[in-house]
file protein35.pdb (PDB, C-alpha atoms)
MODEL        1
ATOM      1  CA  MET A   1      -8.632 -60.376  23.973
ATOM      2  CA  LYS A   2     -10.394 -60.182  27.350
ATOM      3  CA  LYS A   3      -9.917 -57.337  29.794
ATOM      4  CA  VAL A   4      -9.549 -58.122  33.509
ATOM      5  CA  THR A   5      -9.433 -55.258  35.983
ATOM      6  CA  ILE A   6      -8.086 -55.772  39.496
ATOM      7  CA  LEU A   7      -9.842 -53.666  42.161
ATOM      8  CA  ILE A   8      -7.827 -52.776  45.287
ATOM      9  CA  PRO A   9      -9.304 -50.595  48.052
ATOM     10  CA  ILE A  10      -6.713 -49.003  50.389
ATOM     11  CA  HIS A  11      -6.707 -46.757  53.428
ATOM     12  CA  ASN A  12      -3.713 -45.531  55.443
ATOM     13  CA  ARG A  13      -1.375 -48.515  55.469
ATOM     14  CA  LEU A  14       1.333 -47.562  53.036
ATOM     15  CA  GLU A  15       3.925 -50.189  54.020
ATOM     16  CA  ILE A  16       1.399 -53.002  53.651
ATOM     17  CA  THR A  17       0.253 -51.578  50.311
ATOM     18  CA  LYS A  18       3.853 -51.400  49.047
ATOM     19  CA  GLU A  19       4.454 -55.064  49.849
ATOM     20  CA  GLY A  20       1.138 -56.160  48.372
ATOM     21  CA  LEU A  21       1.593 -54.261  45.100
ATOM     22  CA  SER A  22       5.129 -55.588  44.713
ATOM     23  CA  SER A  23       3.877 -59.156  45.065
ATOM     24  CA  LEU A  24       1.010 -58.533  42.651
ATOM     25  CA  TYR A  25       3.321 -57.109  39.981
ATOM     26  CA  LYS A  26       5.714 -60.061  40.259
ATOM     27  CA  ALA A  27       2.859 -62.400  39.345
ATOM     28  CA  LEU A  28       1.749 -60.097  36.516
ATOM     29  CA  TYR A  29       5.314 -59.955  35.153
ATOM     30  CA  TYR A  30       5.365 -63.760  35.218
ATOM     31  CA  TYR A  31       2.149 -63.813  33.182
ATOM     32  CA  ASN A  32       3.571 -61.339  30.677
ATOM     33  CA  GLU A  33       6.533 -63.652  30.152
ATOM     34  CA  TYR A  34       4.787 -67.023  30.057
ATOM     35  CA  GLY A  35       1.129 -66.322  29.302
ATOM     36  CA  LYS A  36      -0.574 -66.468  25.921
ATOM     37  CA  GLY A  37      -1.207 -62.727  25.940
ATOM     38  CA  SER A  38      -4.971 -63.191  25.563
ATOM     39  CA  ILE A  39      -5.715 -61.228  28.749
ATOM     40  CA  LEU A  40      -5.124 -57.519  29.277
ATOM     41  CA  TYR A  41      -4.782 -56.896  33.007
ATOM     42  CA  SER A  42      -5.430 -53.452  34.481
ATOM     43  CA  ILE A  43      -5.267 -52.297  38.098
ATOM     44  CA  ILE A  44      -7.514 -49.801  39.861
ATOM     45  CA  VAL A  45      -6.533 -48.664  43.343
ATOM     46  CA  ILE A  46      -9.301 -46.891  45.233
ATOM     47  CA  ASP A  47      -7.677 -44.760  47.928
ATOM     48  CA  ASP A  48     -10.368 -43.911  50.448
ATOM     49  CA  GLY A  49      -8.959 -40.734  51.953
ATOM     50  CA  SER A  50      -5.478 -41.921  52.978
ATOM     51  CA  THR A  51      -3.285 -39.328  54.706
ATOM     52  CA  ASP A  52      -0.085 -41.394  54.843
ATOM     53  CA  GLY A  53       1.195 -40.615  51.346
ATOM     54  CA  SER A  54      -0.264 -43.720  49.709
ATOM     55  CA  LYS A  55      -1.722 -41.970  46.686
ATOM     56  CA  ASP A  56       1.483 -39.992  46.053
ATOM     57  CA  TYR A  57       3.587 -43.147  46.270
ATOM     58  CA  ILE A  58       1.358 -45.062  43.854
ATOM     59  CA  ALA A  59       1.147 -42.153  41.416
ATOM     60  CA  GLU A  60       4.946 -41.913  41.332
ATOM     61  CA  VAL A  61       5.942 -45.596  41.308
ATOM     62  CA  TYR A  62       3.052 -47.265  39.447
ATOM     63  CA  LYS A  63       2.122 -44.909  36.651
ATOM     64  CA  ASP A  64      -0.015 -47.544  34.919
ATOM     65  CA  ILE A  65      -2.382 -47.880  37.882
ATOM     66  CA  TYR A  66      -5.717 -46.088  37.673
ATOM     67  CA  LEU A  67      -5.901 -44.226  40.982
ATOM     68  CA  LEU A  68      -9.367 -43.259  42.222
ATOM     69  CA  LYS A  69      -9.889 -41.181  45.356
ATOM     70  CA  GLY A  70     -12.495 -41.337  48.095
ATOM     71  CA  ASP A  71     -13.134 -39.036  51.038
ATOM     72  CA  GLY A  72     -12.649 -41.626  53.780
ATOM     73  CA  HIS A  73     -16.330 -42.604  53.946
ATOM     74  CA  LEU A  74     -16.554 -45.138  51.126
ATOM     75  CA  TRP A  75     -15.409 -48.128  53.178
ATOM     76  CA  TRP A  76     -14.839 -51.414  51.340
ATOM     77  CA  THR A  77     -18.149 -51.653  49.520
ATOM     78  CA  GLY A  78     -18.188 -48.051  48.329
ATOM     79  CA  CYS A  79     -14.635 -48.441  47.050
ATOM     80  CA  ILE A  80     -15.560 -51.559  45.082
ATOM     81  CA  ASN A  81     -18.610 -49.857  43.551
ATOM     82  CA  LEU A  82     -16.520 -46.839  42.529
ATOM     83  CA  GLY A  83     -13.829 -49.047  41.015
ATOM     84  CA  ALA A  84     -16.352 -51.323  39.295
ATOM     85  CA  ARG A  85     -18.123 -48.412  37.609
ATOM     86  CA  PHE A  86     -14.809 -47.079  36.302
ATOM     87  CA  ALA A  87     -13.715 -50.530  35.127
ATOM     88  CA  ILE A  88     -16.986 -51.205  33.316
ATOM     89  CA  TYR A  89     -17.714 -47.846  31.740
ATOM     90  CA  GLU A  90     -14.261 -46.314  31.267
ATOM     91  CA  ILE A  91     -12.044 -49.345  30.628
ATOM     92  CA  GLN A  92     -14.789 -51.587  29.177
ATOM     93  CA  SER A  93     -13.592 -54.511  31.273
ATOM     94  CA  ASP A  94     -14.919 -58.031  30.775
ATOM     95  CA  TYR A  95     -14.030 -59.239  34.271
ATOM     96  CA  LEU A  96     -13.427 -57.731  37.704
ATOM     97  CA  LEU A  97     -10.967 -59.313  40.124
ATOM     98  CA  LEU A  98     -11.499 -58.356  43.763
ATOM     99  CA  TRP A  99      -8.194 -57.852  45.553
ATOM    100  CA  ASN A 100      -6.700 -56.652  48.839
ATOM    101  CA  ASP A 101      -3.393 -54.891  49.432
ATOM    102  CA  ASP A 102      -2.318 -57.583  51.925
ATOM    103  CA  ILE A 103      -2.606 -60.711  49.766
ATOM    104  CA  PHE A 104       0.078 -62.507  47.776
ATOM    105  CA  PRO A 105      -0.687 -64.582  44.665
ATOM    106  CA  ASN A 106       1.136 -67.711  43.592
ATOM    107  CA  GLN A 107       3.518 -67.104  40.711
ATOM    108  CA  ASN A 108       1.248 -68.810  38.160
ATOM    109  CA  TYR A 109      -1.940 -67.169  39.440
ATOM    110  CA  PHE A 110      -2.688 -65.075  36.356
ATOM    111  CA  LEU A 111      -1.810 -67.917  33.987
ATOM    112  CA  ILE A 112      -4.603 -69.920  35.649
ATOM    113  CA  ILE A 113      -6.979 -66.958  35.427
ATOM    114  CA  GLU A 114      -6.309 -66.915  31.678
ATOM    115  CA  SER A 115      -7.163 -70.592  31.298
ATOM    116  CA  LEU A 116     -10.355 -70.266  33.356
ATOM    117  CA  ILE A 117     -11.686 -67.306  31.381
ATOM    118  CA  TYR A 118     -11.445 -69.293  28.139
ATOM    119  CA  ASP A 119     -12.941 -72.463  29.655
ATOM    120  CA  ILE A 120     -16.556 -72.776  28.457
ATOM    121  CA  ARG A 121     -17.507 -74.534  31.723
ATOM    122  CA  PHE A 122     -17.087 -71.260  33.580
ATOM    123  CA  ILE A 123     -18.962 -68.784  31.403
ATOM    124  CA  ASN A 124     -20.809 -66.386  33.732
ATOM    125  CA  THR A 125     -19.333 -68.111  36.785
ATOM    126  CA  VAL A 126     -18.039 -66.303  39.870
ATOM    127  CA  ILE A 127     -14.699 -67.943  40.661
ATOM    128  CA  GLY A 128     -12.975 -67.707  44.029
ATOM    129  CA  SER A 129      -9.453 -68.573  45.109
ATOM    130  CA  LYS A 130      -8.057 -70.947  47.672
ATOM    131  CA  ILE A 131      -6.778 -68.625  50.412
ATOM    132  CA  ILE A 132      -4.008 -69.824  52.719
ATOM    133  CA  PHE A 133      -2.269 -68.226  55.681
ATOM    134  CA  LYS A 134       0.828 -66.290  54.675
ATOM    135  CA  ASN A 135       2.778 -67.334  57.765
ATOM    136  CA  SER A 136       1.387 -70.901  57.814
ATOM    137  CA  PRO A 137       0.909 -71.920  54.170
ATOM    138  CA  GLU A 138      -0.143 -75.432  55.134
ATOM    139  CA  LYS A 139      -3.292 -73.970  56.736
ATOM    140  CA  ILE A 140      -6.361 -72.967  54.724
ATOM    141  CA  TRP A 141      -8.142 -69.699  55.528
ATOM    142  CA  SER A 142     -10.917 -70.089  52.965
ATOM    143  CA  VAL A 143     -12.067 -72.185  50.043
ATOM    144  CA  GLY A 144     -15.339 -70.290  49.715
ATOM    145  CA  GLY A 145     -18.269 -69.476  51.952
ATOM    146  CA  TYR A 146     -21.398 -71.326  53.070
ATOM    147  CA  PHE A 147     -24.769 -70.023  54.215
ATOM    148  CA  ASN A 148     -27.867 -71.994  55.175
ATOM    149  CA  LYS A 149     -30.830 -69.650  54.941
ATOM    150  CA  PHE A 150     -32.925 -71.944  57.150
ATOM    151  CA  SER A 151     -30.521 -72.528  60.052
ATOM    152  CA  GLY A 152     -28.555 -69.293  59.645
ATOM    153  CA  ASN A 153     -25.322 -71.263  59.634
ATOM    154  CA  PHE A 154     -22.783 -68.917  58.034
ATOM    155  CA  GLY A 155     -19.025 -69.014  57.587
ATOM    156  CA  MET A 156     -16.070 -69.937  55.394
ATOM    157  CA  LYS A 157     -14.991 -73.422  54.433
ATOM    158  CA  ASN A 158     -11.423 -74.221  55.465
ATOM    159  CA  LYS A 159     -11.313 -77.960  54.805
ATOM    160  CA  ILE A 160     -10.934 -79.900  51.555
ATOM    161  CA  LYS A 161     -12.626 -83.293  51.739
ATOM    162  CA  ASP A 162     -11.383 -84.635  48.408
ATOM    163  CA  ASN A 163      -7.843 -83.593  47.428
ATOM    164  CA  LYS A 164      -8.401 -84.889  43.898
ATOM    165  CA  LYS A 165     -11.019 -82.256  43.161
ATOM    166  CA  LYS A 166     -10.100 -78.897  41.674
ATOM    167  CA  ILE A 167     -13.501 -77.273  42.108
ATOM    168  CA  ILE A 168     -15.629 -76.636  45.194
ATOM    169  CA  ASN A 169     -19.185 -75.343  44.895
ATOM    170  CA  CYS A 170     -20.112 -72.721  47.457
ATOM    171  CA  GLN A 171     -22.727 -70.088  48.270
ATOM    172  CA  TRP A 172     -20.531 -66.988  48.509
ATOM    173  CA  GLN A 173     -16.969 -65.703  48.133
ATOM    174  CA  PRO A 174     -14.893 -63.229  50.168
ATOM    175  CA  GLY A 175     -13.684 -59.917  48.752
ATOM    176  CA  MET A 176     -10.223 -61.100  47.769
ATOM    177  CA  GLY A 177      -9.160 -63.276  44.865
ATOM    178  CA  THR A 178     -12.700 -63.402  43.449
ATOM    179  CA  LEU A 179     -13.168 -63.196  39.673
ATOM    180  CA  ILE A 180     -16.513 -61.752  38.539
ATOM    181  CA  PRO A 181     -17.760 -61.552  34.944
ATOM    182  CA  VAL A 182     -19.000 -58.034  34.215
ATOM    183  CA  ASN A 183     -22.030 -59.622  32.550
ATOM    184  CA  VAL A 184     -23.192 -60.667  36.023
ATOM    185  CA  ILE A 185     -23.502 -56.985  36.919
ATOM    186  CA  THR A 186     -24.789 -55.557  33.663
ATOM    187  CA  SER A 187     -27.267 -58.324  32.788
ATOM    188  CA  TYR A 188     -28.592 -59.214  36.233
ATOM    189  CA  GLY A 189     -28.375 -55.766  37.827
ATOM    190  CA  ILE A 190     -26.436 -57.026  40.849
ATOM    191  CA  ILE A 191     -24.419 -54.393  42.720
ATOM    192  CA  TRP A 192     -22.575 -54.131  46.012
ATOM    193  CA  ASP A 193     -24.898 -52.781  48.723
ATOM    194  CA  GLU A 194     -22.853 -49.959  50.242
ATOM    195  CA  LYS A 195     -25.812 -48.553  52.173
ATOM    196  CA  ASN A 196     -26.542 -51.620  54.293
ATOM    197  CA  PHE A 197     -23.164 -53.388  54.161
ATOM    198  CA  PRO A 198     -20.443 -50.719  53.937
ATOM    199  CA  GLN A 199     -17.677 -53.044  55.161
ATOM    200  CA  TYR A 200     -18.526 -56.534  56.385
ATOM    201  CA  HIS A 201     -21.030 -58.617  54.387
ATOM    202  CA  GLY A 202     -20.450 -56.437  51.331
ATOM    203  CA  ASP A 203     -18.745 -59.409  49.666
ATOM    204  CA  SER A 204     -21.018 -62.190  50.941
ATOM    205  CA  ASP A 205     -24.176 -60.197  50.177
ATOM    206  CA  PHE A 206     -23.057 -59.633  46.572
ATOM    207  CA  THR A 207     -22.237 -63.265  45.869
ATOM    208  CA  LEU A 208     -25.352 -64.520  47.655
ATOM    209  CA  GLN A 209     -27.338 -62.260  45.324
ATOM    210  CA  CYS A 210     -25.566 -64.025  42.472
ATOM    211  CA  SER A 211     -26.507 -67.426  43.930
ATOM    212  CA  THR A 212     -30.183 -66.499  44.144
ATOM    213  CA  LYS A 213     -30.076 -65.546  40.434
ATOM    214  CA  GLY A 214     -28.784 -69.023  39.582
ATOM    215  CA  ILE A 215     -25.207 -67.887  38.913
ATOM    216  CA  GLN A 216     -22.640 -70.567  39.676
ATOM    217  CA  ILE A 217     -20.263 -69.764  42.572
ATOM    218  CA  ILE A 218     -17.133 -71.911  42.799
ATOM    219  CA  THR A 219     -13.650 -72.025  44.277
ATOM    220  CA  TYR A 220     -10.924 -73.200  41.918
ATOM    221  CA  LEU A 221      -8.352 -74.862  44.162
ATOM    222  CA  ASP A 222      -5.310 -74.313  41.926
ATOM    223  CA  LEU A 223      -5.950 -70.578  42.121
ATOM    224  CA  ILE A 224      -3.987 -69.798  45.287
ATOM    225  CA  ILE A 225      -3.350 -66.612  47.243
ATOM    226  CA  SER A 226      -1.967 -66.141  50.730
ATOM    227  CA  ASN A 227      -3.425 -63.651  53.156
ATOM    228  CA  ASN A 228      -1.689 -61.781  55.940
ATOM    229  CA  THR A 229      -4.433 -62.305  58.524
ATOM    230  CA  GLU A 230      -2.671 -60.042  61.018
ATOM    231  CA  THR A 231      -3.563 -57.051  58.850
ATOM    232  CA  THR A 232      -7.088 -58.153  57.914
ATOM    233  CA  GLY A 233     -10.196 -57.161  59.829
ATOM    234  CA  PHE A 234     -10.962 -55.913  63.297
ATOM    235  CA  SER A 235      -8.484 -56.576  66.107
ATOM    236  CA  ARG A 236     -10.066 -58.131  69.176
ATOM    237  CA  LYS A 237      -8.653 -56.903  72.488
ATOM    238  CA  THR A 238      -9.512 -57.772  76.055
ATOM    239  CA  ASN A 239     -11.732 -55.263  77.853
ATOM    240  CA  LEU A 240     -15.461 -54.645  77.868
ATOM    241  CA  ASN A 241     -15.211 -51.384  75.967
ATOM    242  CA  ASP A 242     -13.620 -53.337  73.135
ATOM    243  CA  LEU A 243     -16.419 -55.898  73.314
ATOM    244  CA  TYR A 244     -18.974 -53.097  72.929
ATOM    245  CA  GLU A 245     -16.987 -51.685  70.008
ATOM    246  CA  SER A 246     -17.035 -55.106  68.359
ATOM    247  CA  PHE A 247     -20.828 -54.964  68.361
ATOM    248  CA  THR A 248     -21.056 -51.424  66.962
ATOM    249  CA  SER A 249     -18.012 -50.681  64.785
ATOM    250  CA  ILE A 250     -18.307 -50.667  60.978
ATOM    251  CA  LYS A 251     -14.880 -52.340  60.967
ATOM    252  CA  SER A 252     -16.118 -55.326  62.985
ATOM    253  CA  GLY A 253     -17.505 -58.583  61.645
ATOM    254  CA  TYR A 254     -19.696 -58.703  64.763
ATOM    255  CA  ASN A 255     -21.636 -55.502  64.153
ATOM    256  CA  VAL A 256     -25.138 -56.369  65.397
ATOM    257  CA  GLU A 257     -27.006 -53.908  63.168
ATOM    258  CA  VAL A 258     -25.245 -55.077  60.017
ATOM    259  CA  ASP A 259     -25.773 -58.747  60.883
ATOM    260  CA  LEU A 260     -29.482 -58.144  61.485
ATOM    261  CA  LYS A 261     -29.812 -56.565  58.046
ATOM    262  CA  PHE A 262     -27.930 -59.479  56.494
ATOM    263  CA  TYR A 263     -30.104 -62.177  58.099
ATOM    264  CA  LEU A 264     -33.301 -60.249  57.328
ATOM    265  CA  LYS A 265     -32.269 -60.058  53.670
ATOM    266  CA  HIS A 266     -30.957 -63.568  53.098
ATOM    267  CA  GLY A 267     -32.284 -65.791  55.891
ATOM    268  CA  TYR A 268     -35.507 -67.753  56.211
ATOM    269  CA  LEU A 269     -36.958 -66.127  59.318
ATOM    270  CA  PRO A 270     -37.299 -66.625  62.200
ATOM    271  CA  PHE A 271     -35.243 -69.824  62.058
ATOM    272  CA  ALA A 272     -32.171 -68.153  60.563
ATOM    273  CA  PHE A 273     -31.773 -66.024  63.682
ATOM    274  CA  TRP A 274     -30.635 -69.166  65.497
ATOM    275  CA  GLY A 275     -27.389 -69.026  63.525
ATOM    276  CA  MET A 276     -26.898 -65.398  64.495
ATOM    277  CA  PHE A 277     -27.567 -66.227  68.172
ATOM    278  CA  ILE A 278     -24.957 -69.002  68.113
ATOM    279  CA  LYS A 279     -22.441 -66.676  66.472
ATOM    280  CA  TYR A 280     -22.772 -64.001  69.144
ATOM    281  CA  PHE A 281     -23.056 -66.426  72.044
ATOM    282  CA  THR A 282     -19.823 -68.136  70.984
ATOM    283  CA  PHE A 283     -18.023 -64.863  70.323
ATOM    284  CA  THR A 284     -19.062 -63.232  73.616
ATOM    285  CA  GLY A 285     -18.222 -66.310  75.661
ATOM    286  CA  GLY A 286     -14.785 -66.597  74.104
ATOM    287  CA  TYR A 287     -14.172 -62.881  74.496
ATOM    288  CA  ILE A 288     -15.043 -62.831  78.202
ATOM    289  CA  LYS A 289     -13.095 -66.030  78.889
ATOM    290  CA  HIS A 290     -10.046 -64.561  77.184
ATOM    291  CA  SER A 291     -10.413 -61.315  79.121
ATOM    292  CA  ILE A 292     -10.726 -63.027  82.495
ATOM    293  CA  PHE A 293      -7.548 -64.982  81.939
ATOM    294  CA  LYS A 294      -5.729 -61.816  80.886
ATOM    295  CA  ARG A 295      -6.720 -59.606  83.842
ATOM    296  CA  PRO A 296      -8.798 -59.716  87.028
ATOM    297  CA  VAL A 297     -12.534 -59.130  86.628
ATOM    298  CA  GLU A 298     -12.345 -56.034  88.843
ATOM    299  CA  LYS A 299      -9.878 -54.428  86.461
ATOM    300  CA  MET A 300     -12.051 -55.272  83.475
ATOM    301  CA  LEU A 301     -15.062 -53.619  85.077
ATOM    302  CA  SER A 302     -13.043 -50.545  86.018
ATOM    303  CA  GLU A 303     -12.247 -50.008  82.339
ATOM    304  CA  VAL A 304     -15.894 -49.645  81.391
TER     305      VAL A 304
ENDMDL
END

call {"tool": "encode", "arguments": {"input": "protein35.pdb", "output": "structure tokens"}}
result
Amino acid sequence: MKKVTILIPIHNRLEITKEGLSSLYKALYYYNEYGKGSILYSIIVIDDGSTDGSKDYIAEVYKDIYLLKGDGHLWWTGCINLGARFAIYEIQSDYLLLWNDDIFPNQNYFLIIESLIYDIRFINTVIGSKIIFKNSPEKIWSVGGYFNKFSGNFGMKNKIKDNKKKIINCQWQPGMGTLIPVNVITSYGIIWDEKNFPQYHGDSDFTLQCSTKGIQIITYLDLIISNNTETTGFSRKTNLNDLYESFTSIKSGYNVEVDLKFYLKHGYLPFAFWGMFIKYFTFTGGYIKHSIFKRPVEKMLSEV
């Protein structure tokens, strides 16, 4: 029997967490009824200093969940490291499954996980999920990530060129619906870099490290989860203060300091900085254009 531990970081969004855990357990119940029973699934929730009653709710309703507590400064990457250490050394897990509290698996999700774990083609393979939009299931959010270390071109694939294929090769995977063999961590010494990438790039940095070690990174297209994108990430608003915050906040995917560290670590310099320049040029232009249409320029400037 193989042990798979699901890692779920949470922070102060109890209603979202309730809905996400309910959906997760429905899929696990389906596995318990129709699976072969060759996988033992465990769940670790890492509550990073919530003050909204999340930990009390989970402790009361889901007594089988391992509940770990942070002080509010772990962020995503610190939570995953804390959960991974517990899963590996306390539970003796064989696989880690990265999860969010705002994603919803297909009913047969864990049946497919079972088949993949016992498929010799995928020994020591990091396997990602096809992620679709919860409110628009016909639209793809991600089928894995790409990164060109020479051009700096970085992002997530959201198109499937050949609908007959079940597997897509990629360079990295996001931090949801990603199955990681523990052997990748224990044998290769790969960890999540919570010092340099506490929130964004924690997932891409980890899987890019795997790629550089020759570990196969794939997306298995029958492995489907939906993501509530309205509750994921940093909300972009419309004034210049918010633009500045986008460039400096740990919660933002456009944090300049974090991006610099990422490109310095993984890019072929100086050429890779071109990709970073394009990213920020496009983002800033779109941000300002959106702001101008929403309010007069004079009002924008008065908010600075």

call {"tool": "resolve_selection", "arguments": {"input": "protein35.pdb", "expression": "the PyMOL selection byres ((chain A and resi 157) around 8)", "output": "list in words"}}
result
Trp141, Ser142, Val143, Gly144, Gly145, Tyr146, Gly155, Met156, Asn158 and Lys159 of chain A

call {"tool": "closest_residue", "arguments": {"input": "protein35.pdb", "among": "A:Asn241, A:Gln209, A:Gln199, A:Asn255", "to": "A:Thr77", "atoms": "only C-alpha atoms"}}
result
A:Gln199

call {"tool": "resolve_selection", "arguments": {"input": "protein35.pdb", "expression": "the PyMOL selection byres ((chain A and resi 267) around 12)", "output": "PDB file with C-alpha atoms, keeping the file's coordinate frame"}}
result
ATOM      1  CA  PHE A 147     -24.769 -70.023  54.215  1.00  0.00           C
ATOM      2  CA  ASN A 148     -27.867 -71.994  55.175  1.00  0.00           C
ATOM      3  CA  LYS A 149     -30.830 -69.650  54.941  1.00  0.00           C
ATOM      4  CA  PHE A 150     -32.925 -71.944  57.150  1.00  0.00           C
ATOM      5  CA  SER A 151     -30.521 -72.528  60.052  1.00  0.00           C
ATOM      6  CA  GLY A 152     -28.555 -69.293  59.645  1.00  0.00           C
ATOM      7  CA  ASN A 153     -25.322 -71.263  59.634  1.00  0.00           C
ATOM      8  CA  PHE A 154     -22.783 -68.917  58.034  1.00  0.00           C
ATOM      9  CA  ASP A 205     -24.176 -60.197  50.177  1.00  0.00           C
ATOM     10  CA  LEU A 208     -25.352 -64.520  47.655  1.00  0.00           C
ATOM     11  CA  THR A 212     -30.183 -66.499  44.144  1.00  0.00           C
ATOM     12  CA  ASP A 259     -25.773 -58.747  60.883  1.00  0.00           C
ATOM     13  CA  LEU A 260     -29.482 -58.144  61.485  1.00  0.00           C
ATOM     14  CA  LYS A 261     -29.812 -56.565  58.046  1.00  0.00           C
ATOM     15  CA  PHE A 262     -27.930 -59.479  56.494  1.00  0.00           C
ATOM     16  CA  TYR A 263     -30.104 -62.177  58.099  1.00  0.00           C
ATOM     17  CA  LEU A 264     -33.301 -60.249  57.328  1.00  0.00           C
ATOM     18  CA  LYS A 265     -32.269 -60.058  53.670  1.00  0.00           C
ATOM     19  CA  HIS A 266     -30.957 -63.568  53.098  1.00  0.00           C
ATOM     20  CA  TYR A 268     -35.507 -67.753  56.211  1.00  0.00           C
ATOM     21  CA  LEU A 269     -36.958 -66.127  59.318  1.00  0.00           C
ATOM     22  CA  PRO A 270     -37.299 -66.625  62.200  1.00  0.00           C
ATOM     23  CA  PHE A 271     -35.243 -69.824  62.058  1.00  0.00           C
ATOM     24  CA  ALA A 272     -32.171 -68.153  60.563  1.00  0.00           C
ATOM     25  CA  PHE A 273     -31.773 -66.024  63.682  1.00  0.00           C
ATOM     26  CA  TRP A 274     -30.635 -69.166  65.497  1.00  0.00           C
ATOM     27  CA  GLY A 275     -27.389 -69.026  63.525  1.00  0.00           C
ATOM     28  CA  MET A 276     -26.898 -65.398  64.495  1.00  0.00           C
TER      29      MET A 276
END

call {"tool": "atom_distance", "arguments": {"input": "protein35.pdb", "atom1": "atom CA of A:Thr219", "atom2": "atom CA of A:Arg13"}}
result
28.8 Å

call {"tool": "closest_residue", "arguments": {"input": "protein35.pdb", "among": "A:Ile224, A:Cys79, A:Asn108, A:Lys55", "to": "A:Pro137", "atoms": "all atoms listed in the file"}}
result
A:Ile224

call {"tool": "resolve_selection", "arguments": {"input": "protein35.pdb", "expression": "the PyMOL selection byres ((chain A and resi 166-180) around 7)", "output": "MDAnalysis selection string"}}
result
chainID A and resid 95:100 126:129 144:147 164:165 181:182 203:204 207:208 211 217:222

call {"tool": "residues_around", "arguments": {"input": "protein35.pdb", "residues": "A:Phe104", "least_positions_apart": "3", "cutoff": "7 Å", "atoms": "all atoms listed in the file", "output": "list of chain:residue names"}}
result
A:Gly20, A:Ser23, A:Leu24, A:Ile225, A:Ser226, A:Asn227

call {"tool": "closest_residue", "arguments": {"input": "protein35.pdb", "among": "A:Ile123, A:Val45, A:Ile131, A:Lys279", "to": "A:Leu82", "atoms": "only C-alpha atoms"}}
result
A:Val45

call {"tool": "atom_distance", "arguments": {"input": "protein35.pdb", "atom1": "atom CA of A:Met1", "atom2": "atom CA of A:Tyr25"}}
result
20.2 Å
